[in-house]
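So this one's model-v3.txt, compact mmCIF, C-alpha atoms:
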```txt
# COMPACT_ATOMS: atom_id res chain seq x y z
CA MET I 125 111.34 20.16 39.01
CA GLN I 126 109.04 21.32 36.22
CA ILE I 127 105.32 20.53 36.32
CA SER I 128 102.63 20.95 33.69
CA VAL I 129 98.96 19.95 33.81
CA GLU I 130 96.69 19.21 30.83
CA GLU I 131 92.89 18.92 30.99
CA LEU I 132 92.15 16.05 28.61
CA ASP I 133 88.41 16.31 29.27
CA SER I 134 86.10 17.48 32.04
CA LEU I 135 87.51 14.89 34.48
CA LYS I 136 90.74 13.52 33.02
CA ARG I 137 94.06 15.19 33.80
CA ARG I 138 97.60 14.54 32.63
CA VAL I 139 100.44 15.77 34.83
CA THR I 140 103.88 15.90 33.22
CA VAL I 141 106.91 16.14 35.50
CA GLN I 142 110.55 16.75 34.58
CA VAL I 143 113.21 16.13 37.23
CA PRO I 144 116.74 17.44 36.48
CA ALA I 145 119.54 14.88 36.35
CA GLN I 146 121.37 16.86 39.07
CA ASP I 147 118.58 15.89 41.48
CA ILE I 148 119.01 12.21 40.62
CA GLU I 149 122.66 11.42 40.03
CA PRO I 150 123.89 12.40 43.54
CA LYS I 151 121.31 10.07 45.05
CA VAL I 152 122.49 7.21 42.85
CA LYS I 153 126.12 7.91 43.75
CA ASP I 154 125.41 8.11 47.50
CA ARG I 155 123.47 4.83 47.42
CA LEU I 156 126.29 3.07 45.55
CA LEU I 157 128.92 4.46 47.94
CA SER I 158 126.93 3.22 50.90
CA LEU I 159 126.51 -0.16 49.23
CA SER I 160 130.23 -0.44 48.44
CA ARG I 161 131.03 -0.14 52.15
CA GLN I 162 128.78 -3.10 52.92
CA LEU I 163 129.77 -5.45 50.12
CA LYS I 164 131.85 -8.52 50.78
CA ILE I 165 133.67 -9.54 47.61
CA LYS I 166 136.56 -11.96 47.36
CA GLY I 167 139.81 -10.11 46.80
CA PHE I 168 138.76 -6.96 48.66
CA ARG I 169 138.83 -6.15 52.33
CA PRO I 170 135.39 -5.59 53.96
CA GLY I 171 134.27 -2.00 53.37
CA LYS I 172 137.02 -1.40 50.78
CA VAL I 173 135.24 -2.45 47.58
CA PRO I 174 136.03 0.22 44.93
CA PHE I 175 133.16 2.43 43.79
CA LYS I 176 133.63 1.36 40.14
CA VAL I 177 133.27 -2.30 41.08
CA ALA I 178 130.09 -1.64 43.04
CA LYS I 179 128.74 0.45 40.19
CA GLY I 180 129.53 -2.23 37.64
CA MET I 181 127.76 -4.89 39.66
CA TYR I 182 124.78 -2.98 41.04
CA GLY I 183 124.60 0.34 39.18
CA ALA I 184 121.55 -0.56 37.04
CA GLN I 185 119.63 -1.95 40.03
CA VAL I 186 120.40 1.05 42.25
CA ARG I 187 119.49 3.49 39.48
CA GLU I 188 116.14 1.76 39.02
CA GLU I 189 115.44 1.95 42.78
CA ILE I 190 116.35 5.65 42.93
CA LEU I 191 114.25 6.48 39.88
CA GLY I 192 111.26 4.72 41.46
CA GLU I 193 111.69 6.68 44.69
CA VAL I 194 112.12 9.98 42.84
CA LEU I 195 109.05 9.30 40.71
CA ARG I 196 106.85 8.51 43.72
CA ASN I 197 108.07 11.50 45.73
CA THR I 198 107.94 14.04 42.91
CA LEU I 199 104.51 12.89 41.77
CA GLN I 200 103.17 13.36 45.29
CA GLU I 201 104.77 16.81 45.45
CA ALA I 202 103.32 17.75 42.04
CA LEU I 203 99.80 16.63 43.00
CA LEU I 204 99.96 18.58 46.27
CA GLU I 205 101.32 21.69 44.57
CA ARG I 206 98.57 21.66 41.91
CA GLU I 207 95.89 20.56 44.42
CA LEU I 208 94.95 17.46 42.44
CA ARG I 209 93.42 14.32 43.97
CA PRO I 210 93.51 11.34 41.58
CA LEU I 211 90.74 8.75 41.63
CA GLY I 212 92.45 5.40 41.47
CA ALA I 213 96.05 4.71 40.53
CA PRO I 214 97.42 7.10 37.86
CA GLN I 215 98.46 5.62 34.53
CA LEU I 216 102.18 6.33 34.19
CA ASP I 217 104.10 6.97 30.99
CA LEU I 218 107.81 6.96 31.82
CA LYS I 219 110.73 7.80 29.56
CA ASP I 220 113.55 5.74 31.06
CA PRO I 221 116.53 8.14 31.29
CA LYS I 222 120.14 7.15 30.80
CA GLU I 223 122.83 8.27 33.20
CA GLY I 224 123.11 12.05 33.20
CA GLU I 225 119.68 12.60 31.59
CA ASP I 226 116.64 14.27 33.16
CA LEU I 227 113.75 12.09 34.35
CA GLU I 228 110.53 12.90 32.50
CA TYR I 229 107.19 11.17 32.99
CA SER I 230 103.45 11.79 32.80
CA ALA I 231 100.63 10.57 35.03
CA THR I 232 97.08 10.38 33.66
CA PHE I 233 94.10 10.08 35.98
CA GLU I 234 90.53 11.19 36.69
CA VAL I 235 89.41 13.67 39.33
CA MET I 236 86.11 14.41 41.04
CA PRO I 237 83.78 16.77 39.15
CA GLU I 238 83.39 20.28 40.52
CA PHE I 239 79.79 21.50 40.80
CA GLU I 240 77.28 23.23 43.03
CA ILE I 241 74.33 21.14 44.19
CA ARG I 242 71.05 22.28 42.65
CA GLY I 243 67.41 21.40 43.14
CA LEU I 244 67.27 21.16 46.93
CA ASP I 245 64.27 23.51 47.06
CA ASP I 246 62.40 21.70 44.26
CA LEU I 247 62.31 18.16 45.66
CA THR I 248 58.86 16.55 45.64
CA VAL I 249 57.79 13.27 47.19
CA GLU I 250 54.64 11.17 47.00
CA ARG I 251 54.72 9.19 50.23
CA PRO I 252 52.71 5.94 49.97
CA GLU I 253 50.24 5.17 52.77
CA ALA I 254 48.95 1.65 53.33
CA GLU I 255 48.03 -0.94 55.94
CA VAL I 256 48.41 -4.69 56.01
CA ALA I 257 44.89 -6.06 55.45
CA ALA I 258 43.62 -9.53 56.35
CA THR I 259 43.53 -10.38 52.63
CA ASP I 260 47.23 -9.44 52.39
CA VAL I 261 48.01 -11.88 55.19
CA ASP I 262 45.94 -14.57 53.44
CA GLY I 263 47.91 -13.98 50.26
CA MET I 264 51.24 -14.21 52.06
CA ILE I 265 50.28 -17.47 53.73
CA ASP I 266 49.29 -18.84 50.33
CA THR I 267 52.71 -17.77 49.09
CA LEU I 268 54.35 -19.64 51.97
CA ARG I 269 52.37 -22.72 51.06
CA ARG I 270 53.46 -22.43 47.41
CA GLN I 271 57.07 -22.04 48.55
CA ASN I 272 56.68 -25.38 50.34
CA ILE I 273 55.10 -27.20 47.42
CA ARG I 274 55.88 -30.88 47.04
CA TRP I 275 56.66 -31.92 43.48
CA ASN I 276 55.44 -35.36 42.51
CA THR I 277 56.76 -36.97 39.32
CA VAL I 278 54.04 -37.78 36.79
CA GLU I 279 53.99 -39.89 33.62
CA ARG I 280 52.10 -37.46 31.39
CA ALA I 281 52.64 -34.47 29.15
CA ALA I 282 53.65 -31.22 30.87
CA GLN I 283 51.03 -28.54 31.34
CA GLN I 284 50.98 -25.03 32.78
CA GLY I 285 51.92 -25.07 36.48
CA ASP I 286 54.04 -28.22 36.17
CA GLN I 287 57.74 -28.35 36.89
CA VAL I 288 59.89 -29.72 34.10
CA THR I 289 63.56 -30.65 34.17
CA VAL I 290 65.04 -29.43 30.91
CA SER I 291 68.38 -29.24 29.12
CA PHE I 292 68.67 -26.85 26.20
CA GLU I 293 70.99 -25.15 23.74
CA GLY I 294 70.34 -22.06 21.63
CA LYS I 295 72.12 -20.60 18.60
CA ILE I 296 71.81 -17.28 16.81
CA ASP I 297 72.88 -17.65 13.18
CA GLY I 298 74.72 -20.81 14.27
CA ASN I 299 76.69 -19.04 17.01
CA ASP I 300 76.65 -19.23 20.79
CA PHE I 301 75.51 -16.27 22.92
CA PRO I 302 75.49 -15.48 26.68
CA GLY I 303 73.20 -17.88 28.56
CA ASN I 304 72.51 -20.05 25.52
CA THR I 305 72.81 -23.41 27.33
CA GLY I 306 71.34 -25.05 30.40
CA GLN I 307 71.69 -28.53 31.87
CA ASP I 308 68.98 -30.24 33.95
CA MET I 309 67.32 -26.94 34.87
CA SER I 310 64.06 -26.95 36.80
CA VAL I 311 61.44 -24.66 35.24
CA VAL I 312 57.89 -24.13 36.47
CA LEU I 313 55.78 -23.55 33.37
CA GLY I 314 53.90 -20.28 33.55
CA SER I 315 56.07 -18.90 36.36
CA GLY I 316 57.82 -16.35 34.16
CA ALA I 317 61.24 -17.52 35.31
CA MET I 318 62.12 -17.98 31.64
CA LEU I 319 60.76 -16.09 28.64
CA LYS I 320 57.11 -16.94 27.99
CA ASP I 321 57.76 -18.36 24.52
CA PHE I 322 60.45 -20.64 25.98
CA GLU I 323 58.11 -21.99 28.70
CA ASP I 324 55.22 -22.35 26.23
CA ALA I 325 57.42 -24.46 23.93
CA LEU I 326 57.81 -27.07 26.69
CA VAL I 327 54.05 -27.50 27.26
CA GLY I 328 52.93 -30.89 25.96
CA LEU I 329 56.30 -32.63 26.34
CA SER I 330 56.64 -35.76 28.45
CA ALA I 331 59.79 -37.10 30.11
CA GLY I 332 62.19 -38.06 27.34
CA GLY I 333 60.55 -35.68 24.87
CA ALA I 334 62.44 -33.11 22.80
CA THR I 335 61.54 -30.10 20.71
CA ASP I 336 63.06 -27.54 18.35
CA PHE I 337 61.71 -24.01 18.30
CA GLU I 338 62.61 -20.44 17.49
CA LEU I 339 62.44 -17.59 19.97
CA THR I 340 62.81 -13.87 19.34
CA PHE I 341 64.27 -11.97 22.27
CA PRO I 342 62.33 -8.84 23.26
CA ALA I 343 63.75 -5.35 22.64
CA ASP I 344 64.15 -4.73 26.38
CA TYR I 345 66.05 -7.98 27.03
CA PRO I 346 68.83 -7.25 29.58
CA ILE I 347 71.58 -8.69 27.36
CA LYS I 348 71.58 -6.12 24.54
CA GLU I 349 73.75 -8.37 22.39
CA VAL I 350 70.75 -10.64 21.69
CA ALA I 351 67.83 -8.19 22.03
CA GLU I 352 65.40 -8.43 19.06
CA LYS I 353 67.37 -11.33 17.59
CA THR I 354 65.91 -14.75 16.85
CA ALA I 355 67.52 -17.87 18.31
CA HIS I 356 66.98 -21.51 17.36
CA PHE I 357 66.64 -23.73 20.44
CA THR I 358 66.74 -27.46 20.98
CA ALA I 359 65.37 -28.70 24.32
CA GLN I 360 65.07 -32.13 25.99
CA VAL I 361 62.77 -32.77 28.96
CA SER I 362 63.96 -35.42 31.40
CA ALA I 363 61.20 -35.20 34.02
CA VAL I 364 57.73 -33.73 34.61
CA ALA I 365 56.28 -33.13 38.08
CA GLU I 366 53.00 -31.70 39.36
CA SER I 367 52.56 -29.63 42.49
CA GLU I 368 50.90 -30.58 45.76
CA LEU I 369 50.17 -27.75 48.21
CA PRO I 370 50.71 -28.56 51.91
CA GLU I 371 47.70 -28.39 54.20
CA LEU I 372 47.44 -25.34 56.46
CA ASP I 373 47.70 -27.25 59.73
CA ASP I 374 49.91 -27.59 62.81
CA ALA I 375 52.50 -29.59 60.87
CA PHE I 376 52.83 -26.74 58.37
CA VAL I 377 53.03 -24.13 61.16
CA ALA I 378 55.83 -26.11 62.82
CA LYS I 379 58.04 -25.49 59.76
CA PHE I 380 58.32 -21.87 60.92
CA GLU I 381 59.41 -22.72 64.47
CA ILE I 382 56.09 -21.64 65.98
CA LYS I 383 55.54 -23.96 68.93
CA GLU I 384 52.27 -22.60 70.33
CA GLY I 385 49.14 -20.97 68.96
CA GLY I 386 48.85 -22.93 65.73
CA VAL I 387 47.59 -21.21 62.59
CA GLU I 388 46.56 -18.00 64.41
CA ALA I 389 50.07 -17.61 65.80
CA LEU I 390 51.43 -18.04 62.28
CA ARG I 391 49.06 -15.35 60.98
CA LYS I 392 50.21 -12.98 63.74
CA ALA I 393 53.90 -13.60 62.96
CA VAL I 394 53.27 -13.16 59.24
CA GLN I 395 51.39 -9.88 59.80
CA ASP I 396 54.17 -8.51 62.02
CA ASN I 397 56.77 -9.31 59.37
CA MET I 398 54.64 -7.77 56.64
CA GLU I 399 54.18 -4.57 58.63
CA ARG I 400 57.94 -4.28 59.12
CA GLU I 401 58.50 -4.88 55.43
CA LEU I 402 55.86 -2.31 54.52
CA LEU I 403 57.56 0.37 56.62
CA GLU I 404 60.93 -0.45 55.06
CA ARG I 405 59.51 -0.31 51.53
CA ILE I 406 57.83 3.04 52.19
CA LYS I 407 61.09 4.36 53.55
CA SER I 408 62.94 3.01 50.50
CA ASN I 409 60.34 4.46 48.13
CA VAL I 410 60.63 7.93 49.66
CA LYS I 411 64.40 7.67 49.67
CA ASN I 412 64.55 6.77 45.98
CA GLN I 413 62.30 9.67 45.05
CA LEU I 414 64.56 12.09 46.90
CA LEU I 415 67.71 10.67 45.35
CA ASP I 416 66.15 10.63 41.87
CA GLY I 417 65.19 14.28 42.36
CA LEU I 418 68.78 15.14 43.24
CA LEU I 419 70.11 13.14 40.30
CA ASN I 420 67.75 14.76 37.80
CA ALA I 421 68.69 18.24 39.02
CA ASN I 422 72.43 17.58 38.95
CA ASP I 423 73.62 16.19 35.63
CA ILE I 424 77.28 15.70 36.47
CA PRO I 425 80.08 13.86 34.68
CA VAL I 426 80.96 10.60 36.41
CA PRO I 427 84.53 9.26 36.58
CA GLN I 428 84.85 6.02 34.64
CA VAL I 429 87.07 4.57 37.35
CA MET I 430 84.15 4.79 39.81
CA ILE I 431 81.75 3.20 37.34
CA ASP I 432 84.18 0.34 36.69
CA ALA I 433 84.66 -0.26 40.42
CA ASN I 434 80.89 -0.43 40.94
CA ILE I 435 80.48 -2.85 38.03
CA GLU I 436 83.07 -5.19 39.53
CA GLN I 437 81.40 -5.01 42.94
CA MET I 438 77.99 -5.85 41.44
CA ALA I 439 79.52 -8.76 39.50
CA ARG I 440 81.03 -10.14 42.71
CA GLN I 441 77.68 -9.85 44.49
CA LEU I 442 76.09 -11.95 41.74
CA ASN I 443 79.01 -14.39 41.89
CA LEU I 444 79.86 -13.90 38.22
CA PRO I 445 83.09 -15.70 37.30
CA GLU I 446 86.40 -13.87 37.19
CA ILE I 447 87.62 -12.69 33.80
CA ASN I 448 90.31 -14.87 32.23
CA GLU I 449 91.77 -15.29 28.74
CA GLN I 450 89.02 -17.67 27.66
CA ASN I 451 85.97 -15.67 28.74
CA ALA I 452 87.36 -12.11 28.76
CA GLU I 453 85.45 -10.60 25.82
CA GLN I 454 82.11 -12.28 26.50
CA LEU I 455 82.14 -11.66 30.26
CA THR I 456 83.21 -8.03 29.89
CA LYS I 457 80.29 -7.44 27.51
CA LEU I 458 77.89 -9.14 29.91
CA LYS I 459 79.05 -7.07 32.88
CA THR I 460 78.82 -3.86 30.88
CA GLU I 461 75.30 -4.59 29.65
CA LEU I 462 73.98 -5.75 33.01
CA PHE I 463 75.50 -3.21 35.36
CA THR I 464 76.63 -0.01 33.62
CA ALA I 465 73.43 2.01 34.07
CA GLN I 466 73.07 1.18 37.74
CA ALA I 467 76.81 1.55 38.36
CA GLN I 468 76.76 5.04 36.84
CA ARG I 469 73.69 6.01 38.88
CA GLN I 470 75.28 4.74 42.07
CA ALA I 471 78.53 6.61 41.40
CA ALA I 472 76.74 9.87 40.57
CA LEU I 473 74.64 9.67 43.73
CA GLY I 474 77.72 8.91 45.78
CA ILE I 475 79.42 12.05 44.46
CA ILE I 476 76.37 14.29 44.98
CA VAL I 477 75.61 13.03 48.47
CA SER I 478 79.27 13.17 49.52
CA GLN I 479 79.36 16.84 48.58
CA LEU I 480 76.06 17.41 50.40
CA VAL I 481 77.54 15.86 53.54
CA SER I 482 80.74 17.87 53.22
CA LYS I 483 79.07 21.23 52.51
CA ASN I 484 76.74 20.85 55.48
CA ASP I 485 79.38 19.33 57.79
CA MET I 486 77.19 16.31 58.56
CA LYS I 487 78.49 13.76 61.05
CA PRO I 488 76.94 10.42 62.08
CA ASP I 489 74.63 10.81 65.06
CA GLU I 490 75.90 8.37 67.69
CA ALA I 491 72.38 7.54 68.87
CA ARG I 492 71.46 6.48 65.35
CA VAL I 493 74.68 4.50 65.08
CA ARG I 494 73.75 2.62 68.24
CA THR I 495 70.21 1.98 66.96
CA HIS I 496 71.52 0.58 63.66
CA LEU I 497 74.07 -1.57 65.46
CA GLU I 498 71.49 -3.01 67.86
CA SER I 499 69.04 -3.67 65.03
CA MET I 500 71.67 -5.51 63.00
CA ALA I 501 72.93 -7.45 66.04
CA SER I 502 69.40 -8.56 66.96
CA THR I 503 69.41 -10.95 63.98
CA TYR I 504 72.21 -13.01 65.61
CA GLU I 505 72.00 -15.52 68.43
CA GLU I 506 74.33 -13.48 70.69
CA PRO I 507 73.57 -9.78 70.02
CA ALA I 508 75.79 -8.53 72.85
CA GLU I 509 78.80 -10.37 71.42
CA VAL I 510 78.15 -8.91 67.95
CA ILE I 511 77.92 -5.36 69.37
CA ARG I 512 81.13 -5.87 71.32
CA TRP I 513 82.93 -7.13 68.22
CA TYR I 514 81.93 -4.07 66.19
CA GLN I 515 82.93 -1.73 68.98
CA GLN I 516 86.38 -3.34 69.03
CA ASN I 517 86.77 -3.16 65.22
CA PRO I 518 86.63 0.50 64.09
CA LYS I 519 86.83 -0.33 60.38
CA ALA I 520 83.80 -2.61 60.59
CA LEU I 521 81.93 -0.05 62.66
CA GLU I 522 82.43 2.54 59.90
CA GLY I 523 79.92 0.62 57.79
CA ILE I 524 77.29 1.01 60.52
CA ARG I 525 78.17 4.70 60.88
CA ALA I 526 77.69 5.14 57.12
CA LEU I 527 74.16 3.70 57.39
CA ALA I 528 73.33 6.12 60.20
CA LEU I 529 74.67 9.06 58.18
CA GLU I 530 72.64 7.85 55.20
CA ASP I 531 69.44 8.10 57.26
CA GLN I 532 70.41 11.60 58.40
CA VAL I 533 70.92 12.75 54.81
CA ILE I 534 67.51 11.44 53.76
CA ASP I 535 65.81 13.11 56.75
CA TRP I 536 67.62 16.36 55.92
CA LEU I 537 66.38 16.20 52.33
CA LEU I 538 62.87 15.23 53.40
CA GLU I 539 62.63 18.32 55.61
CA ARG I 540 63.20 20.46 52.50
CA ALA I 541 60.94 18.52 50.13
CA THR I 542 57.29 19.03 49.28
CA VAL I 543 55.57 15.86 50.52
CA THR I 544 52.10 14.62 49.62
CA ASP I 545 50.56 11.41 50.91
CA LYS I 546 49.34 8.86 48.37
CA PRO I 547 46.84 6.16 49.43
CA SER I 548 48.15 2.78 48.32
CA SER I 549 47.87 -0.92 49.07
CA PHE I 550 50.40 -3.33 50.51
CA ALA I 551 50.75 -5.07 47.13
CA GLU I 552 51.35 -1.80 45.25
CA ILE I 553 54.18 -0.85 47.59
CA VAL I 554 55.83 -4.21 48.22
CA GLN I 555 55.24 -5.81 44.81
CA PRO I 556 55.81 -2.99 42.28
CA LYS I 557 55.20 -3.37 38.59
CA GLN I 558 57.75 -5.36 36.62
CA GLY I 559 60.61 -3.21 35.42
CA THR I 560 60.74 -0.85 38.39
CA THR I 561 63.64 -0.88 40.80
CA PRO I 562 62.28 0.05 44.23
CA ASP I 563 65.52 -0.70 46.04
CA ALA I 564 67.92 0.87 43.55
CA GLY I 565 69.84 3.59 45.28
CA PRO I 566 69.90 3.04 49.04
CA GLU I 567 73.24 1.31 48.81
CA SER I 568 74.67 4.12 46.69
CA ILE I 569 75.36 6.59 49.49
CA GLU I 570 78.91 6.00 50.59
```
Can I see the file as structure tokens?
Amino acid sequence: MQISVEELDSLKRRVTVQVPAQDIEPKVKDRLLSLSRQLKIKGFRPGKVPFKVAKGMYGAQVREEILGEVLRNTLQEALLERELRPLGAPQLDLKDPKEGEDLEYSATFEVMPEFEIRGLDDLTVERPEAEVAATDVDGMIDTLRRQNIRWNTVERAAQQGDQVTVSFEGKIDGNDFPGNTGQDMSVVLGSGAMLKDFEDALVGLSAGGATDFELTFPADYPIKEVAEKTAHFTAQVSAVAESELPELDDAFVAKFEIKEGGVEALRKAVQDNMERELLERIKSNVKNQLLDGLLNANDIPVPQVMIDANIEQMARQLNLPEINEQNAEQLTKLKTELFTAQAQRQAALGIIVSQLVSKNDMKPDEARVRTHLESMASTYEEPAEVIRWYQQNPKALEGIRALALEDQVIDWLLERATVTDKPSSFAEIVQPKQGTTPDAGPESIE
């Protein structure tokens, strides 16, 4: 067997394998001989079917089976010999040999980048410090009231703060574009759920009213295909409703399954939840700074196969439709525009952190695993049953072990970082400025 390896780029490899015919033909002959002894064909005694007859009937099928087996086995041998570990299934290019000819094929695939981790001694972190103030609790309770708004239909023109039910269609130069239509959508004017110019165009319309308007998409619009382009919209409003805030009373408190203590008990529950959220956001903030520091110090090539896998996972999480013949081009563009940057970041961090874990021989601490498992199980009605199920399902438990190891990695990095405390407020930490991604990254350590 002859093996050659080409480096097509920093990550892509092509392995070419040539297997002599003398390593193939005996296998084909032996398989046909064995088959001929088992065949039952009219006119021949059992086990006495001539080799030529068996070959004539099944030769092509047997040869195909043998070639498949030889390909799989020799490719595995070639990869082991050259110490190559493909990411994903190799792309095969096979020259189908005739009887008596050598088997020659190539396998193209990506491999993990090789690098030394840098920047561990230069990590810096600004750790936010804040407390949940009484005004923060007041604001959260107001938010809860707004989330429980009652919408009452009105017979007047829509104004800021109203909810309108709208159907619309947009065209750019007469053509459709991603997200250009909506049917009976509820939009609260001034909420920012839609672009400001879109919401402003609906102000003043009553039920049954319609409008035409033009809208220019901003340069930073997530769908790059339409960024900075002007669309012509037609919109029809079918209903207008105004809001009515619920009273802060025992009836409102009862919505949150608080049976005793009234409004003060609600405030206490809200504050406890806010304090837990604050701690989690601080932890996430610190974690992202550490991971960003690692990423900035280690500019590594990222295998496309890993980026593509992450894009598909993100699309599934958002319940985007599956690609088919009708939507293939448009949906592929949408996925690429929405997810590529984050998918690449996630893949790069996964590679860096995996090497960090390997180089330092890190293993999940079982006490942390137990803590994560108990915390997760506590959100269910029968925590003990949940814990027992995970303990009896090793594959499921690996996800919990990964979370524990993730915490260990962050603690390990934090011990080596220069940390300064930064006074902040609850709102600054929990409600960051638009455009930031406070939670981007934690899920990327695998």
Original post:
Do you know which residues are at most 12 Å from Arg137 of chain I counting only C-alpha atoms, after dropping those on the same chain fewer than 3 positions away, and could you put them as a list in words?
Top reply: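 Contacts, in chain order: Ser128, Val129, Glu130, Glu131, Leu132, Asp133, Ser134, Thr140, Leu203, Arg206, Leu208, Arg209, Pro210, Leu211, Pro214, Gln215, Ser230, Ala231, Thr232, Phe233, Glu234, Val235, Met236, Pro237 and Pro427 of chain I.
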Subject >> Distance criterion (only C-alpha atoms): nearest to Val426 of chain I out of I:Leu135, I:Ala526, I:Leu538, I:Val533 >> reply: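 Smallest separation from Val426 of chain I among the options: I:Leu135.
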**OP:** Grab the atom CA of Met438 of chain I to atom CA of Ile347 of chain I distance for me, in Å with one decimal place.
**Re:**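 Going from atom CA of Met438 of chain I over to atom CA of Ile347 of chain I covers 15.7 Å.
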Original post:
Once you count only C-alpha atoms, which residues end up no further than 8 Å from (70.9, 11.2, 53.8) in the file's frame, shown as a PyMOL selection string?
Top reply: chain I and resi 477+529-537+569
Restricting the output to C-alpha atoms, write the selected residues as a compact mmCIF listing (two decimals), keeping the file's coordinate frame.
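Writing the result to result13.txt gives the following:
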```txt
# COMPACT_ATOMS: atom_id res chain seq x y z
CA VAL I 477 75.61 13.03 48.47
CA LEU I 529 74.67 9.06 58.18
CA GLU I 530 72.64 7.85 55.20
CA ASP I 531 69.44 8.10 57.26
CA GLN I 532 70.41 11.60 58.40
CA VAL I 533 70.92 12.75 54.81
CA ILE I 534 67.51 11.44 53.76
CA ASP I 535 65.81 13.11 56.75
CA TRP I 536 67.62 16.36 55.92
CA LEU I 537 66.38 16.20 52.33
CA ILE I 569 75.36 6.59 49.49
```
Subject >> Using all atoms listed in the file: which of I:Asp545, I:Gln284, I:His356, I:Asp344 has the shortest distance to Asp324 of chain I >> reply: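 Nearest candidate to Asp324 of chain I out of I:Asp545, I:Gln284, I:His356, I:Asp344: I:Gln284.
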Original post:
Hey, can you check how far atom CA of Glu253 of chain I sits from atom CA of Lys546 of chain I?
Top reply: 5.8 Å
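Between Lys392 of chain I and the candidates I:Gly333, I:Ile265, I:Pro425, I:Leu227, the tightest atom-to-atom separation, counting only C-alpha atoms, involves I:Ile265.
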Original post:
Taking all atoms listed in the file into account, which of I:Ile406, I:Leu390, I:Ala378, I:Leu157 comes nearest Met264 of chain I?
Top reply: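 Distance minimum relative to Met264 of chain I lands on I:Leu390.
If you look at atom CA of Asn409 of chain I and atom CA of Arg540 of chain I, they are 16.8 Å away from each other.
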**OP:** Skip Lys153 of chain I itself and residues of its chain fewer than 5 positions away, then list as a count of residues only all residues within 9 Å of it, counting all atoms listed in the file.
**Re:** 5
**OP:** Using all atoms listed in the file, pick whichever of I:Pro252, I:Gly192, I:Gly332, I:Pro150 has the shortest atom-to-atom distance to Ser548 of chain I.
**Re:**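 Closest to Ser548 of chain I, using all atoms listed in the file: I:Pro252.
Closest to Leu458 of chain I among I:Val350, I:Leu415, I:Met430, I:Val364 is I:Val350, based on all atoms listed in the file.
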Subject >> Protein and nucleic acid residues near (75.0, -19.0, 29.5) (cut-off 12 Å, all atoms listed in the file) as a list in words >> reply: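 Within the cut-off we find Phe292, Glu293, Gly294, Lys295, Asp300, Phe301, Pro302, Gly303, Asn304, Thr305, Gly306, Gln307, Ile347, Leu444, Pro445, Asn451, Gln454, Leu455 and Leu458 of chain I.
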Write the residues of the selection above to a file with C-alpha atoms, as a CSV table (one decimal), in the coordinates of the input.
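Below is the file that was written, selection.csv:
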```csv
chain,number,residue,atom,x,y,z
I,292,PHE,CA,68.7,-26.8,26.2
I,293,GLU,CA,71.0,-25.2,23.7
I,294,GLY,CA,70.3,-22.1,21.6
I,295,LYS,CA,72.1,-20.6,18.6
I,300,ASP,CA,76.6,-19.2,20.8
I,301,PHE,CA,75.5,-16.3,22.9
I,302,PRO,CA,75.5,-15.5,26.7
I,303,GLY,CA,73.2,-17.9,28.6
I,304,ASN,CA,72.5,-20.0,25.5
I,305,THR,CA,72.8,-23.4,27.3
I,306,GLY,CA,71.3,-25.0,30.4
I,307,GLN,CA,71.7,-28.5,31.9
I,347,ILE,CA,71.6,-8.7,27.4
I,444,LEU,CA,79.9,-13.9,38.2
I,445,PRO,CA,83.1,-15.7,37.3
I,451,ASN,CA,86.0,-15.7,28.7
I,454,GLN,CA,82.1,-12.3,26.5
I,455,LEU,CA,82.1,-11.7,30.3
I,458,LEU,CA,77.9,-9.1,29.9
```
